[in-house]
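Engineer: Handing over entry-v4.pdb, PDB, C-alpha atoms.
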```pdb
ATOM      1  CA  MET A   1      -2.548   3.768   8.085
ATOM      2  CA  SER A   2      -4.820   0.863   7.246
ATOM      3  CA  THR A   3      -7.863   2.983   8.003
ATOM      4  CA  VAL A   4      -6.577   6.138   6.318
ATOM      5  CA  TRP A   5      -5.776   4.173   3.154
ATOM      6  CA  GLY A   6      -8.960   2.143   3.389
ATOM      7  CA  ILE A   7     -11.242   5.173   2.955
ATOM      8  CA  PRO A   8      -9.900   6.631  -0.349
ATOM      9  CA  TYR A   9     -11.837   4.109  -2.428
ATOM     10  CA  LEU A  10     -15.098   5.488  -1.068
ATOM     11  CA  PHE A  11     -14.102   9.096  -1.771
ATOM     12  CA  ILE A  12     -12.727   8.254  -5.216
ATOM     13  CA  LYS A  13     -16.046   6.606  -6.083
ATOM     14  CA  VAL A  14     -17.958   9.637  -4.771
ATOM     15  CA  ALA A  15     -15.770  11.965  -6.835
ATOM     16  CA  VAL A  16     -15.937  10.090 -10.158
ATOM     17  CA  ASP A  17     -19.695   9.577  -9.740
ATOM     18  CA  GLY A  18     -19.941  13.332  -9.061
ATOM     19  CA  ARG A  19     -18.605  14.296 -12.530
ATOM     20  CA  MET A  20     -14.917  14.494 -11.569
ATOM     21  CA  PRO A  21     -12.868  12.917 -14.412
ATOM     22  CA  PRO A  22     -10.295  10.321 -13.218
ATOM     23  CA  ALA A  23      -7.119  12.070 -14.410
ATOM     24  CA  PHE A  24      -8.256  15.464 -13.135
ATOM     25  CA  LEU A  25      -9.189  13.911  -9.785
ATOM     26  CA  ALA A  26      -5.725  12.350  -9.448
ATOM     27  CA  TRP A  27      -4.024  15.639 -10.329
ATOM     28  CA  ALA A  28      -6.200  17.709  -7.966
ATOM     29  CA  ARG A  29      -5.562  15.557  -4.865
ATOM     30  CA  VAL A  30      -1.837  15.336  -5.639
ATOM     31  CA  ALA A  31      -1.434  19.080  -6.269
ATOM     32  CA  LEU A  32      -3.266  19.939  -3.036
ATOM     33  CA  ALA A  33      -1.129  17.535  -0.988
ATOM     34  CA  ALA A  34       2.081  18.775  -2.643
ATOM     35  CA  ALA A  35       1.299  22.408  -1.794
ATOM     36  CA  VAL A  36       0.727  21.546   1.871
ATOM     37  CA  LEU A  37       3.856  19.395   2.311
ATOM     38  CA  LEU A  38       6.170  21.707   0.359
ATOM     39  CA  ALA A  39       5.052  24.618   2.531
ATOM     40  CA  LEU A  40       5.787  22.615   5.685
ATOM     41  CA  ALA A  41       9.176  21.446   4.356
ATOM     42  CA  TRP A  42      10.127  24.996   3.329
ATOM     43  CA  ARG A  43       9.176  26.295   6.769
ATOM     44  CA  ALA A  44      11.295  23.569   8.389
ATOM     45  CA  GLY A  45      14.224  24.289   6.042
ATOM     46  CA  THR A  46      14.540  20.671   4.875
ATOM     47  CA  LEU A  47      14.147  21.098   1.098
ATOM     48  CA  PRO A  48      17.943  21.389   0.481
ATOM     49  CA  SER A  49      18.317  17.780   1.733
ATOM     50  CA  LEU A  50      16.892  16.606  -1.595
ATOM     51  CA  ARG A  51      19.964  17.802  -3.509
ATOM     52  CA  GLY A  52      21.349  14.904  -5.564
ATOM     53  CA  ARG A  53      18.234  12.734  -5.039
ATOM     54  CA  TRP A  54      15.923  14.178  -7.663
ATOM     55  CA  ARG A  55      16.088  11.232 -10.066
ATOM     56  CA  TRP A  56      14.936   8.894  -7.272
ATOM     57  CA  VAL A  57      12.259  11.351  -6.220
ATOM     58  CA  ALA A  58      11.008  11.436  -9.826
ATOM     59  CA  LEU A  59      11.114   7.643 -10.181
ATOM     60  CA  TYR A  60       9.235   7.191  -6.921
ATOM     61  CA  ALA A  61       6.680   9.830  -7.930
ATOM     62  CA  VAL A  62       5.905   8.055 -11.198
ATOM     63  CA  ALA A  63       5.739   4.541  -9.700
ATOM     64  CA  GLU A  64       3.805   5.361  -6.515
ATOM     65  CA  ILE A  65       1.631   8.299  -7.591
ATOM     66  CA  SER A  66       1.521   9.291 -11.264
ATOM     67  CA  ILE A  67       0.621   5.810 -12.509
ATOM     68  CA  PRO A  68      -1.550   4.348  -9.694
ATOM     69  CA  PHE A  69      -3.725   7.357  -8.813
ATOM     70  CA  PRO A  70      -5.366   7.910 -12.226
ATOM     71  CA  LEU A  71      -5.548   4.153 -12.865
ATOM     72  CA  ILE A  72      -7.493   3.558  -9.647
ATOM     73  CA  ALA A  73      -9.828   6.456 -10.413
ATOM     74  CA  PHE A  74     -10.327   5.126 -13.954
ATOM     75  CA  GLY A  75     -10.856   1.600 -12.641
ATOM     76  CA  GLU A  76     -13.564   2.807 -10.262
ATOM     77  CA  THR A  77     -15.571   4.145 -13.193
ATOM     78  CA  ARG A  78     -15.976   0.487 -14.191
ATOM     79  CA  VAL A  79     -15.843  -1.535 -10.952
ATOM     80  CA  SER A  80     -17.052  -1.008  -7.389
ATOM     81  CA  SER A  81     -14.899   0.612  -4.709
ATOM     82  CA  SER A  82     -14.936  -2.716  -2.841
ATOM     83  CA  LEU A  83     -13.502  -4.661  -5.762
ATOM     84  CA  ALA A  84     -10.866  -1.974  -6.376
ATOM     85  CA  ALA A  85      -9.684  -2.185  -2.766
ATOM     86  CA  ILE A  86      -9.482  -5.976  -2.920
ATOM     87  CA  MET A  87      -7.355  -5.801  -6.073
ATOM     88  CA  ILE A  88      -4.985  -3.308  -4.401
ATOM     89  CA  ALA A  89      -4.518  -5.858  -1.594
ATOM     90  CA  THR A  90      -2.290  -7.776  -4.018
ATOM     91  CA  ALA A  91       0.504  -5.207  -3.438
ATOM     92  CA  PRO A  92       2.364  -7.357  -0.835
ATOM     93  CA  LEU A  93       2.316 -10.264  -3.273
ATOM     94  CA  LEU A  94       3.769  -8.082  -6.026
ATOM     95  CA  ILE A  95       6.455  -6.759  -3.650
ATOM     96  CA  ALA A  96       7.445 -10.353  -2.922
ATOM     97  CA  LEU A  97       7.725 -11.022  -6.658
ATOM     98  CA  LEU A  98       9.804  -7.884  -7.299
ATOM     99  CA  ALA A  99      12.081  -8.815  -4.390
ATOM    100  CA  LEU A 100      13.137 -11.963  -6.244
ATOM    101  CA  ARG A 101      15.047  -9.669  -8.577
ATOM    102  CA  PHE A 102      15.691  -6.427  -6.700
ATOM    103  CA  ASP A 103      15.889  -6.931  -2.918
ATOM    104  CA  GLU A 104      17.493  -9.962  -1.293
ATOM    105  CA  ALA A 105      16.298  -8.946   2.185
ATOM    106  CA  GLU A 106      12.675  -9.123   1.030
ATOM    107  CA  ARG A 107      12.914 -12.412  -0.899
ATOM    108  CA  VAL A 108      10.456 -15.202  -0.226
ATOM    109  CA  ASP A 109      10.801 -18.945   0.246
ATOM    110  CA  GLY A 110       8.972 -21.707   2.041
ATOM    111  CA  GLU A 111       5.651 -20.583   3.481
ATOM    112  CA  ARG A 112       6.083 -17.100   2.015
ATOM    113  CA  LEU A 113       6.308 -18.609  -1.473
ATOM    114  CA  ALA A 114       3.175 -20.624  -0.718
ATOM    115  CA  GLY A 115       1.533 -17.355   0.278
ATOM    116  CA  LEU A 116       2.218 -15.947  -3.191
ATOM    117  CA  LEU A 117       0.417 -18.876  -4.792
ATOM    118  CA  VAL A 118      -2.539 -18.589  -2.400
ATOM    119  CA  GLY A 119      -2.830 -14.855  -2.988
ATOM    120  CA  PHE A 120      -2.762 -15.102  -6.747
ATOM    121  CA  GLY A 121      -5.361 -17.833  -6.474
ATOM    122  CA  GLY A 122      -7.512 -15.156  -4.827
ATOM    123  CA  VAL A 123      -6.999 -12.831  -7.804
ATOM    124  CA  VAL A 124      -8.034 -15.635 -10.157
ATOM    125  CA  ALA A 125     -11.137 -16.336  -8.058
ATOM    126  CA  LEU A 126     -12.089 -12.662  -7.933
ATOM    127  CA  VAL A 127     -11.622 -12.017 -11.645
ATOM    128  CA  GLY A 128     -12.903 -15.401 -12.785
ATOM    129  CA  ILE A 129     -16.143 -15.349 -10.760
ATOM    130  CA  ASP A 130     -17.151 -11.709 -10.361
ATOM    131  CA  VAL A 131     -15.586  -9.938 -13.334
ATOM    132  CA  SER A 132     -15.103 -12.346 -16.215
ATOM    133  CA  GLY A 133     -18.594 -11.823 -17.625
ATOM    134  CA  SER A 134     -18.051  -8.126 -18.342
ATOM    135  CA  ALA A 135     -15.350  -6.735 -20.645
ATOM    136  CA  ARG A 136     -15.923  -3.309 -19.108
ATOM    137  CA  GLU A 137     -15.225  -4.598 -15.594
ATOM    138  CA  LEU A 138     -12.226  -6.609 -16.793
ATOM    139  CA  VAL A 139     -10.614  -3.428 -18.117
ATOM    140  CA  GLY A 140     -11.324  -1.660 -14.814
ATOM    141  CA  ALA A 141      -9.898  -4.544 -12.766
ATOM    142  CA  ALA A 142      -6.775  -4.677 -14.957
ATOM    143  CA  ALA A 143      -6.219  -0.935 -14.430
ATOM    144  CA  VAL A 144      -6.428  -1.346 -10.649
ATOM    145  CA  LEU A 145      -4.098  -4.358 -10.721
ATOM    146  CA  LEU A 146      -1.547  -2.313 -12.675
ATOM    147  CA  ALA A 147      -1.891   0.397 -10.015
ATOM    148  CA  ALA A 148      -1.074  -2.242  -7.379
ATOM    149  CA  ALA A 149       2.153  -2.987  -9.263
ATOM    150  CA  GLY A 150       3.091   0.687  -8.909
ATOM    151  CA  TYR A 151       2.283   0.537  -5.200
ATOM    152  CA  ALA A 152       4.653  -2.445  -4.957
ATOM    153  CA  ALA A 153       7.566  -0.753  -6.760
ATOM    154  CA  GLY A 154       7.285   2.581  -4.931
ATOM    155  CA  PRO A 155       8.169   1.410  -1.395
ATOM    156  CA  MET A 156      11.211  -0.485  -2.683
ATOM    157  CA  ILE A 157      12.567   2.707  -4.290
ATOM    158  CA  LEU A 158      11.759   4.615  -1.101
ATOM    159  CA  LYS A 159      13.564   2.104   1.117
ATOM    160  CA  ARG A 160      16.765   2.118  -0.941
ATOM    161  CA  HIS A 161      17.190   5.795  -1.673
ATOM    162  CA  LEU A 162      14.922   8.172   0.253
ATOM    163  CA  THR A 163      13.972   7.021   3.763
ATOM    164  CA  GLU A 164      16.790   8.892   5.558
ATOM    165  CA  LEU A 165      15.501  12.256   4.289
ATOM    166  CA  ASP A 166      12.831  14.443   5.876
ATOM    167  CA  ALA A 167       9.452  12.925   5.021
ATOM    168  CA  ARG A 168       7.797  16.291   4.357
ATOM    169  CA  ALA A 169      10.469  17.247   1.854
ATOM    170  CA  THR A 170      10.572  13.820   0.194
ATOM    171  CA  MET A 171       6.830  13.461  -0.190
ATOM    172  CA  GLY A 172       6.214  17.114  -1.013
ATOM    173  CA  ALA A 173       8.755  16.946  -3.852
ATOM    174  CA  SER A 174       7.417  13.566  -5.027
ATOM    175  CA  LEU A 175       3.843  14.828  -5.087
ATOM    176  CA  ALA A 176       4.865  18.034  -6.884
ATOM    177  CA  THR A 177       6.700  15.957  -9.504
ATOM    178  CA  ALA A 178       3.675  13.705  -9.901
ATOM    179  CA  ALA A 179       1.428  16.755 -10.287
ATOM    180  CA  LEU A 180       3.629  18.033 -13.124
ATOM    181  CA  VAL A 181       3.524  14.622 -14.830
ATOM    182  CA  LEU A 182      -0.258  14.428 -14.473
ATOM    183  CA  ALA A 183      -0.966  18.039 -15.517
ATOM    184  CA  PRO A 184      -1.092  17.450 -19.326
ATOM    185  CA  VAL A 185      -3.381  14.432 -18.911
ATOM    186  CA  ALA A 186      -5.582  16.336 -16.450
ATOM    187  CA  ALA A 187      -5.859  19.219 -18.921
ATOM    188  CA  LEU A 188      -7.189  16.801 -21.547
ATOM    189  CA  ASP A 189      -9.522  15.129 -19.026
ATOM    190  CA  HIS A 190     -10.866  18.234 -17.287
ATOM    191  CA  PRO A 191     -14.477  18.467 -16.041
ATOM    192  CA  THR A 192     -16.950  19.454 -18.763
ATOM    193  CA  SER A 193     -19.528  20.452 -16.139
ATOM    194  CA  THR A 194     -19.283  21.596 -12.542
ATOM    195  CA  PRO A 195     -18.581  18.622 -10.253
ATOM    196  CA  SER A 196     -20.963  18.042  -7.380
ATOM    197  CA  THR A 197     -20.295  19.478  -3.937
ATOM    198  CA  ALA A 198     -19.716  15.953  -2.647
ATOM    199  CA  ALA A 199     -17.083  15.391  -5.336
ATOM    200  CA  MET A 200     -15.203  18.571  -4.412
ATOM    201  CA  LEU A 201     -15.309  17.715  -0.704
ATOM    202  CA  ALA A 202     -14.018  14.246  -1.589
ATOM    203  CA  VAL A 203     -11.010  15.806  -3.346
ATOM    204  CA  ILE A 204     -10.179  17.841  -0.227
ATOM    205  CA  VAL A 205     -10.301  14.755   2.006
ATOM    206  CA  LEU A 206      -8.247  12.757  -0.499
ATOM    207  CA  GLY A 207      -5.630  15.498  -0.764
ATOM    208  CA  LEU A 208      -5.190  16.454   2.890
ATOM    209  CA  VAL A 209      -5.866  13.223   4.785
ATOM    210  CA  CYS A 210      -5.359  10.325   2.375
ATOM    211  CA  THR A 211      -2.364  11.813   0.526
ATOM    212  CA  ALA A 212      -0.456  14.526   2.434
ATOM    213  CA  GLY A 213      -0.880  13.102   5.930
ATOM    214  CA  ALA A 214      -0.793   9.457   4.929
ATOM    215  CA  PHE A 215       2.401   9.626   2.875
ATOM    216  CA  VAL A 216       4.376  11.236   5.701
ATOM    217  CA  VAL A 217       3.439   8.357   8.021
ATOM    218  CA  PHE A 218       4.084   5.861   5.208
ATOM    219  CA  VAL A 219       7.706   7.035   4.820
ATOM    220  CA  GLY A 220       8.283   6.416   8.518
ATOM    221  CA  LEU A 221       6.857   2.910   8.303
ATOM    222  CA  VAL A 222       9.033   1.930   5.324
ATOM    223  CA  ALA A 223      12.137   3.255   7.096
ATOM    224  CA  GLU A 224      11.272   1.344  10.275
ATOM    225  CA  ILE A 225      10.158  -2.075   9.025
ATOM    226  CA  GLY A 226      10.797  -2.239   5.254
ATOM    227  CA  PRO A 227       8.444  -2.260   2.258
ATOM    228  CA  SER A 228       7.225  -5.844   2.574
ATOM    229  CA  ARG A 229       5.983  -5.495   6.133
ATOM    230  CA  THR A 230       4.765  -1.962   5.618
ATOM    231  CA  SER A 231       2.499  -3.401   2.942
ATOM    232  CA  VAL A 232       0.635  -5.442   5.580
ATOM    233  CA  ILE A 233      -1.512  -2.320   6.006
ATOM    234  CA  THR A 234      -3.334  -3.706   2.968
ATOM    235  CA  TYR A 235      -4.648  -6.521   5.179
ATOM    236  CA  ILE A 236      -7.183  -4.096   6.654
ATOM    237  CA  ASN A 237      -7.538  -1.625   3.740
ATOM    238  CA  PRO A 238      -9.996  -3.766   1.779
ATOM    239  CA  VAL A 239     -11.994  -4.647   4.888
ATOM    240  CA  VAL A 240     -12.479  -0.927   5.597
ATOM    241  CA  ALA A 241     -13.238  -0.205   1.945
ATOM    242  CA  VAL A 242     -15.736  -3.056   1.586
ATOM    243  CA  ALA A 243     -17.497  -2.054   4.831
ATOM    244  CA  LEU A 244     -17.802   1.570   3.645
ATOM    245  CA  GLY A 245     -18.906   0.496   0.180
ATOM    246  CA  VAL A 246     -21.653  -1.686   1.613
ATOM    247  CA  ALA A 247     -22.786   0.759   4.320
ATOM    248  CA  ILE A 248     -22.652   4.021   2.344
ATOM    249  CA  LEU A 249     -22.715   3.178  -1.361
ATOM    250  CA  GLY A 250     -24.984   0.135  -1.153
ATOM    251  CA  GLU A 251     -22.465  -2.129  -2.891
ATOM    252  CA  ARG A 252     -23.011  -5.876  -2.702
ATOM    253  CA  PRO A 253     -19.759  -7.874  -3.123
ATOM    254  CA  GLY A 254     -20.329 -11.173  -4.917
ATOM    255  CA  ALA A 255     -19.066 -14.636  -4.042
ATOM    256  CA  GLY A 256     -15.897 -14.098  -6.060
ATOM    257  CA  ALA A 257     -15.106 -10.902  -4.154
ATOM    258  CA  VAL A 258     -15.512 -12.635  -0.791
ATOM    259  CA  ALA A 259     -13.456 -15.668  -1.824
ATOM    260  CA  GLY A 260     -10.848 -13.487  -3.484
ATOM    261  CA  LEU A 261     -10.554 -11.212  -0.445
ATOM    262  CA  LEU A 262      -9.991 -14.118   1.936
ATOM    263  CA  LEU A 263      -7.409 -15.789  -0.316
ATOM    264  CA  ILE A 264      -5.559 -12.539  -1.079
ATOM    265  CA  LEU A 265      -5.345 -11.616   2.602
ATOM    266  CA  ALA A 266      -4.195 -15.115   3.572
ATOM    267  CA  GLY A 267      -1.615 -15.094   0.799
ATOM    268  CA  SER A 268      -0.369 -11.635   1.743
ATOM    269  CA  TRP A 269      -0.039 -12.675   5.379
ATOM    270  CA  LEU A 270       1.983 -15.763   4.484
ATOM    271  CA  SER A 271       4.121 -14.032   1.862
ATOM    272  CA  THR A 272       5.255 -11.383   4.362
ATOM    273  CA  GLY A 273       6.297 -13.927   6.983
ATOM    274  CA  GLY A 274       3.097 -13.799   8.979
ATOM    275  CA  GLY A 275       3.442 -10.055   9.439
ATOM    276  CA  LEU A 276       6.152 -10.380  12.113
ATOM    277  CA  PRO A 277       9.150  -8.050  11.874
ATOM    278  CA  PRO A 278      12.567  -9.755  11.562
ATOM    279  CA  GLY A 279      13.486  -9.085  15.200
ATOM    280  CA  LEU A 280      10.391 -10.804  16.540
ATOM    281  CA  ARG A 281      10.834 -13.745  14.191
ATOM    282  CA  ALA A 282      14.459 -14.094  15.395
ATOM    283  CA  LEU A 283      13.270 -14.066  19.019
ATOM    284  CA  ARG A 284      10.663 -16.717  18.189
ATOM    285  CA  SER A 285      13.348 -18.890  16.550
ATOM    286  CA  ARG A 286      15.713 -18.547  19.522
ATOM    287  CA  ALA A 287      12.907 -19.394  21.937
ATOM    288  CA  ALA A 288      12.064 -22.507  19.931
ATOM    289  CA  ARG A 289      15.727 -23.621  19.936
ATOM    290  CA  ALA A 290      15.982 -23.007  23.677
ATOM    291  CA  ALA A 291      12.860 -25.079  24.298
ATOM    292  CA  ARG A 292      14.374 -28.010  22.395
ATOM    293  CA  ARG A 293      17.601 -28.029  24.490
ATOM    294  CA  PRO A 294      17.685 -30.537  27.401
ATOM    295  CA  ALA A 295      17.227 -28.812  30.728
ATOM    296  CA  ALA A 296      20.386 -28.478  32.867
ATOM    297  CA  GLN A 297      20.477 -31.047  35.660
ATOM    298  CA  THR A 298      20.050 -29.608  39.158
ATOM    299  CA  PRO A 299      21.333 -31.242  42.370
ATOM    300  CA  PRO A 300      18.811 -32.905  44.670
ATOM    301  CA  GLU A 301      17.226 -30.742  47.322
ATOM    302  CA  GLY A 302      19.496 -30.320  50.309
ATOM    303  CA  ALA A 303      22.640 -31.502  48.512
ATOM    304  CA  SER A 304      25.715 -29.309  48.746
ATOM    305  CA  VAL A 305      27.485 -28.037  45.683
ATOM    306  CA  GLU A 306      31.262 -28.047  45.647
ATOM    307  CA  PRO A 307      32.808 -24.853  44.286
ATOM    308  CA  ALA A 308      34.733 -25.241  41.069
ATOM    309  CA  SER A 309      38.482 -25.438  41.452
ATOM    310  CA  ALA A 310      40.555 -22.563  40.242
TER     311      ALA A 310
END
```
Can you dump the structure from the file as structure tokens?
Structural biologist:
Amino acid sequence: MSTVWGIPYLFIKVAVDGRMPPAFLAWARVALAAAVLLALAWRAGTLPSLRGRWRWVALYAVAEISIPFPLIAFGETRVSSSLAAIMIATAPLLIALLALRFDEAERVDGERLAGLLVGFGGVVALVGIDVSGSARELVGAAAVLLAAAGYAAGPMILKRHLTELDARATMGASLATAALVLAPVAALDHPTSTPSTAAMLAVIVLGLVCTAGAFVVFVGLVAEIGPSRTSVITYINPVVAVALGVAILGERPGAGAVAGLLLILAGSWLSTGGGLPPGLRALRSRAARAARRPAAQTPPEGASVEPASA
């Protein structure tokens, strides 16, 4: 998942640089993914399971797809793919903040609260050093940061209301809803000239691999380990995105991007409990308590042990 969601920033950059408008790009990848997943769900007969859940499907679609996708594409018209990926890495921090109000199981304290402060220090370093000199880049960075807020809210909605349903049906319906929401904006932001071949190929990869396939796996992760720990995939996302941006697009992250990346990743790691699932953390705690207990005394070698009386 970290790799699959680390490569979209490259393909989004290729698409918008290839004359694909941001809103139309978001709609095209979503519509393609929705068609594939709805066909699979219909074939499996799982679409009726959505009955009574449509308001949550719609809310998830808006938070996770309709808002973030065009904002990221818009942001990448103003900032590099590397910087966009680093800003999205704030999603675990934003989940921790939202949990203070909406999800007791995901709330932070102690070292996790310290992680929030470290991570937001990374955002300040990134914006203050690399972006602050350009109003154009500031607007792009703000758009991507708002997209990260949507990525934080979406998994929490998914966890509470939708994870027990078939992933193909849930994500197919969510993507179809998002496509309907995005359609009017896409119609106003349609291409005025034919996009490049690279841009159209980028849309296909974004739709089939980075949207349809990725969201099905994502649902399983949220159901298994919760939204906070699912979001640790963003530890590797920006590393993949920065590597691709440097190797393929010739991007050169500045000092603020490097410092911001390190602080955001450290803060995300701390704010999600070091990335360990609750079961493993419980085992670690029990092992530590057992190690602190005095060892049971054993009789000297060769001594006999009297059986306990009845």
Engineer: Using all atoms listed in the file, find each residue of range 31-142 of chain A with at least one atom at most 12 Å away from an atom of range 199-206 of chain A; report its shortest atom-to-atom pair and that distance in Å (one decimal), sort the rows by chain and rising residue number, and return the result as a Markdown table.
Structural biologist:
```
| residue | atom | partner | partner_atom | distance |
| --- | --- | --- | --- | --- |
| A:Ala31 | CA | A:Val203 | CA | 10.5 |
| A:Leu32 | CA | A:Ile204 | CA | 7.8 |
| A:Ala33 | CA | A:Leu206 | CA | 8.6 |
| A:Val36 | CA | A:Ile204 | CA | 11.7 |
| A:Phe69 | CA | A:Leu206 | CA | 10.9 |
| A:Ala73 | CA | A:Val203 | CA | 11.8 |
```
Engineer: In file coordinates, which residues lie within 7 Å of (-10.8, -2.9, -10.1) using all atoms listed in the file, given as a PyMOL selection string?
Structural biologist: chain A and resi 75-76+79+83-84+87+140-145
Engineer: Please, what distance in Å, to one decimal, runs between CA of Ala179 in chain A and CA of Trp27 in chain A?
Structural biologist: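 Interatomic distance, CA of Ala179 in chain A to CA of Trp27 in chain A: 5.6 Å.
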Engineer: Which of these, A:Ala114, A:Ala34, A:Ala15, A:Leu94, has the shortest distance to Gly154 in chain A once you count all atoms listed in the file?
Structural biologist: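 Using all atoms listed in the file, Gly154 in chain A sits closest to A:Leu94.
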Engineer: I'd like the interatomic distance between CA of Ala186 in chain A and CA of Thr170 in chain A, to a tenth of an Å.
Structural biologist: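 Calculated distance between CA of Ala186 in chain A and CA of Thr170 in chain A is 23.3 Å.
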Engineer: Nearest to Ser174 in chain A among A:Leu71, A:Ile88, A:Ala44, A:Ala35, with distances taken over only C-alpha atoms: which residue is it?
Structural biologist: A:Ala35
Engineer: Measuring between only C-alpha atoms, which one of A:Val185, A:Met156, A:Ala223, A:Ile72 shows the shortest distance to Pro8 in chain A?
Structural biologist: A:Ile72
Engineer: Please evaluate the PyMOL selection byres ((chain A and resi 182) around 10) against the structure above and give the resulting residues as a PyMOL selection string.
Structural biologist: chain A and resi 23-24+26-28+30-31+62+65-67+69-70+176-181+183-187
Engineer: Please report the interatomic distance between CA of Leu208 in chain A and CA of Arg29 in chain A in Å with one decimal.
Structural biologist: 7.8 Å
Engineer: Please evaluate the PyMOL selection byres ((chain A and resi 157) around 10) against the structure above and give the resulting residues as a PyMOL selection string.
Structural biologist: chain A and resi 56-57+59-61+63-64+102+152-156+158-163+227
Engineer: On this structure, the PyMOL selection byres ((chain A and resi 91) around 8) would catch which residues? List them as number ranges by chain, sorted by chain and number.
Structural biologist: A: 88-90, 92-95, 148-149, 151-152, 231, 234
Engineer: Looking at A:Gly254, A:Gly207, A:Gly150, A:Pro22, which one is nearest to Val242 in chain A, with distances taken over all atoms listed in the file?
Structural biologist: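 Using all atoms listed in the file, Val242 in chain A sits closest to A:Gly254.
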Engineer: Build an axis-aligned box that encloses every atom of range 46-54 of chain A listed in the file, pad it by 6 Å on each side, and report its centre and edge lengths in Å to one decimal, as JSON.
Structural biologist:
```
{"center_x": 17.7, "center_y": 17.1, "center_z": -1.4, "size_x": 19.2, "size_y": 20.7, "size_z": 24.5}
```
Engineer: Given the choices A:Gly245, A:Gly45, A:Gly267, A:Gly260, which gets closest to Gly115 in chain A if the distance is worked out from all atoms listed in the file?
Structural biologist: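 Among the listed residues, A:Gly267 lies closest to Gly115 in chain A.
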Engineer: May I ask which of the residues A:Ser82, A:Thr46, A:Thr77, A:Ser2 is the closest one to Leu249 in chain A, counting only C-alpha atoms?
Structural biologist: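 The closest residue to Leu249 in chain A is A:Ser82.
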Engineer: I'd like the neighbourhood of Arg168 in chain A as a list in words, where a residue qualifies if any of its atoms comes within 8 Å (using all atoms listed in the file), though same-chain residues fewer than 5 positions away should be ignored.
Structural biologist: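 Those residues are Leu37, Leu38, Leu40, Ala41 and Val216 of chain A.
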Engineer: Do you know which residues are at most 10 Å from Gly220 in chain A counting only C-alpha atoms, after dropping those on the same chain fewer than 4 positions away, and could you put them as a list in words?
Structural biologist: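 In the requested form, the answer reads Thr163, Glu164, Asp166, Ala167, Phe215, Val216, Glu224, Ile225, Gly226 and Thr230 of chain A.
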